[in-house]
Amino acid sequence: MEGTSESIIEVRNLWHLYFSSSGAPVEAVRDANLRVRRGEVVGIIGQNGAGKTTFVKHFNGLLRPTRGSVLIDHNEAKEMTVAQLSRNVGYVFQNPDNMIFLDSVREEMRFGPRNLGMPPDETEKQVERVLVEFGLEGYGDESPYILSQALKRRLTVASVLSMKPKILVLDEPTIGQDRLMANKLMRYIIDLNLKEGLTVVLITHDMRIVAEFCPRAVVMANGEIVYDGETRELFTKDDVLGRAFLEPPQVTELSLRLSQHFTRPVLSVEELVSEAREIRKSS
Ligand SMILES: Nc1ncnc2c1ncn2[C@@H]1O[C@H](COP(=O)(O)OP(=O)(O)OP(=O)(O)O)[C@@H](O)[C@H]1O
Ligand SMILES: [Mg+2]
């Protein structure tokens, strides 16, 4: 989905400093500004320690600004509790072990919707639907702790989606997933974006995921946003890529190297195939 004109997340001059007991403060986020429109899919990328997790934790109040402000659906986040923000913002942690705490997969998935006051019959329907969508139906009564890391991650995404958030913030959702499962997960999320206008903010190190699924990319380096724009255009910006230590996906690299044939960077194998067919037709 393209996104509407209405902004659903607005970050203004956000700074976040960590103060450890010893040594100088760490400026994890420095003067960041961002406006996300309802229905957009935004990828946040950058090296380890660039400030990505710190940045997005402000969207649901897990962290509060040292300076600056965050508006969620036009409301000041600092005036809202984490519980209130969670009604709108579903947040999937970078480490699934930080989210899992109940005895069964089903219980884990019921927790969020129940907490938000979803009626029991609706909760059950929603939980069963999402279990099937995520291929977790065979694990419903199992303890989440025995699941593999990949399945745990899938469970955490499923649990958050069972709360039907308006905004979904995912910190490295596809890590540890094989390509097939990563694609399935992404397609499910994109489907919700297209059908229900879910706004998606996704942190990832996987440039293929950004290229294929996120039309807009936000690049962070040393706590700052150093690029915010079309993902396709990002791949033409060698200075930004160099500064953030990013490399385009191989298929994009190929189209850049063959610039005499491709007029713009290609973002997926499918795009490459269709552009190559056009080239053949016209030659
Ligand atoms: N709780 C904390 N206390 C002190 N410093 C922290 C804390 N959490 C993060 N930092 C520091 O803040 C900076 C930004 O960290 P953050 O975790 O936001 O980066 P990131 O982009 O999410 O990295 P990664 O890709 O490794 O997840 C880093 O220098 C990190 O060491
Ligand atoms: Mg992180």
# chains A, B, ... in the order shown; residues from 1 in each chain; ligands from 1
call {"tool": "residues_around", "arguments": {"residues": "Glu128 of chain A", "least_positions_apart": "4", "cutoff": "8 Å", "atoms": "only C-alpha atoms", "output": "PyMOL selection string"}}
result
chain A and resi 124+132+137
call {"tool": "select_by_dssp", "arguments": {"residues": "segment 49-271 of chain A", "states": "helix (DSSP H, G or I)", "output": "PyMOL selection string"}}
result
chain A and resi 52-56+77-79+82-88+96-98+105-115+120-133+137-139+144-146+149-161+179-196+207-213+231-234+238-243+250-257+269-271
call {"tool": "atom_distance", "arguments": {"atom1": "atom 29 (O, counted along the ligand's line) of ligand 1", "atom2": "atom CA of Val210 of chain A"}}
result
23.0 Å
call {"tool": "atom_distance", "arguments": {"atom1": "atom CA of Ile100 of chain A", "atom2": "atom CA of Ser21 of chain A"}}
result
29.3 Å
call {"tool": "closest_residue", "arguments": {"among": "A:Tyr91, A:Phe111, A:Tyr188, A:Phe55", "to": "Lys166 of chain A", "atoms": "only C-alpha atoms"}}
result
A:Tyr91
call {"tool": "select_by_dssp", "arguments": {"residues": "segment 22-147 of chain A", "states": "strand (DSSP E)", "output": "PyMOL selection string"}}
result
chain A and resi 26-37+41-45+67-72+75-76+89-92
call {"tool": "residues_around", "arguments": {"residues": "Leu267 of chain A", "least_positions_apart": "3", "cutoff": "10 Å", "atoms": "only C-alpha atoms", "output": "count of residues only"}}
result
22
call {"tool": "closest_residue", "arguments": {"among": "A:Lys78, A:Arg277, A:His205, A:Arg257", "to": "Asp171 of chain A", "atoms": "only C-alpha atoms"}}
result
A:His205
call {"tool": "residues_near_ligand", "arguments": {"ligand": "ligand 1", "cutoff": "9 Å", "atoms": "only C-alpha atoms and all ligand atoms", "output": "MDAnalysis selection string"}}
result
chainID A and resid 16:20 25:29 45:57 94 171:172 203:205 220:223
call {"tool": "write_last_selection", "arguments": {"atoms": "C-alpha atoms", "output": "tab-separated table (two decimals), in the first residue's frame"}}
result
chain	number	residue	atom	x	y	z
A	16	HIS	CA	17.96	9.35	23.35
A	17	LEU	CA	20.91	9.17	25.69
A	18	TYR	CA	21.78	6.15	27.81
A	19	PHE	CA	23.45	6.95	31.11
A	20	SER	CA	25.58	4.18	32.50
A	25	PRO	CA	26.56	9.03	28.18
A	26	VAL	CA	25.85	7.18	24.92
A	27	GLU	CA	23.98	9.27	22.33
A	28	ALA	CA	22.04	6.34	20.85
A	29	VAL	CA	19.60	8.51	18.85
A	45	ILE	CA	18.35	-0.37	8.34
A	46	GLY	CA	21.87	0.30	9.57
A	47	GLN	CA	24.84	-1.34	11.21
A	48	ASN	CA	24.88	-2.96	14.65
A	49	GLY	CA	24.63	-0.25	17.30
A	50	ALA	CA	23.30	2.38	14.85
A	51	GLY	CA	20.37	3.12	17.16
A	52	LYS	CA	17.53	1.31	15.37
A	53	THR	CA	16.10	-0.55	18.37
A	54	THR	CA	16.45	2.48	20.63
A	55	PHE	CA	14.61	4.57	18.04
A	56	VAL	CA	11.59	2.30	17.57
A	57	LYS	CA	11.17	1.55	21.28
A	94	GLN	CA	14.48	-8.27	18.66
A	171	ASP	CA	12.71	-5.74	15.17
A	172	GLU	CA	14.47	-8.29	12.95
A	203	ILE	CA	14.04	-3.24	11.32
A	204	THR	CA	16.21	-5.65	9.40
A	205	HIS	CA	19.76	-6.41	8.37
A	220	MET	CA	20.57	5.01	10.53
A	221	ALA	CA	24.26	5.47	11.27
A	222	ASN	CA	25.74	6.53	14.60
A	223	GLY	CA	22.35	7.43	16.01
call {"tool": "closest_residue", "arguments": {"among": "A:Phe262, A:Val130, A:Ile175, A:Leu241", "to": "ligand 2", "atoms": "only C-alpha atoms and all ligand atoms"}}
result
A:Ile175
call {"tool": "closest_residue", "arguments": {"among": "A:Val92, A:Ala24, A:Ile189, A:Val36", "to": "ligand 2", "atoms": "only C-alpha atoms and all ligand atoms"}}
result
A:Val92
call {"tool": "closest_residue", "arguments": {"among": "A:Gly39, A:Gly117, A:Arg106, A:Pro173", "to": "ligand 2", "atoms": "only C-alpha atoms and all ligand atoms"}}
result
A:Pro173
call {"tool": "closest_residue", "arguments": {"among": "A:Met80, A:Asn95, A:Ile9, A:Arg35", "to": "ligand 2", "atoms": "only C-alpha atoms and all ligand atoms"}}
result
A:Asn95
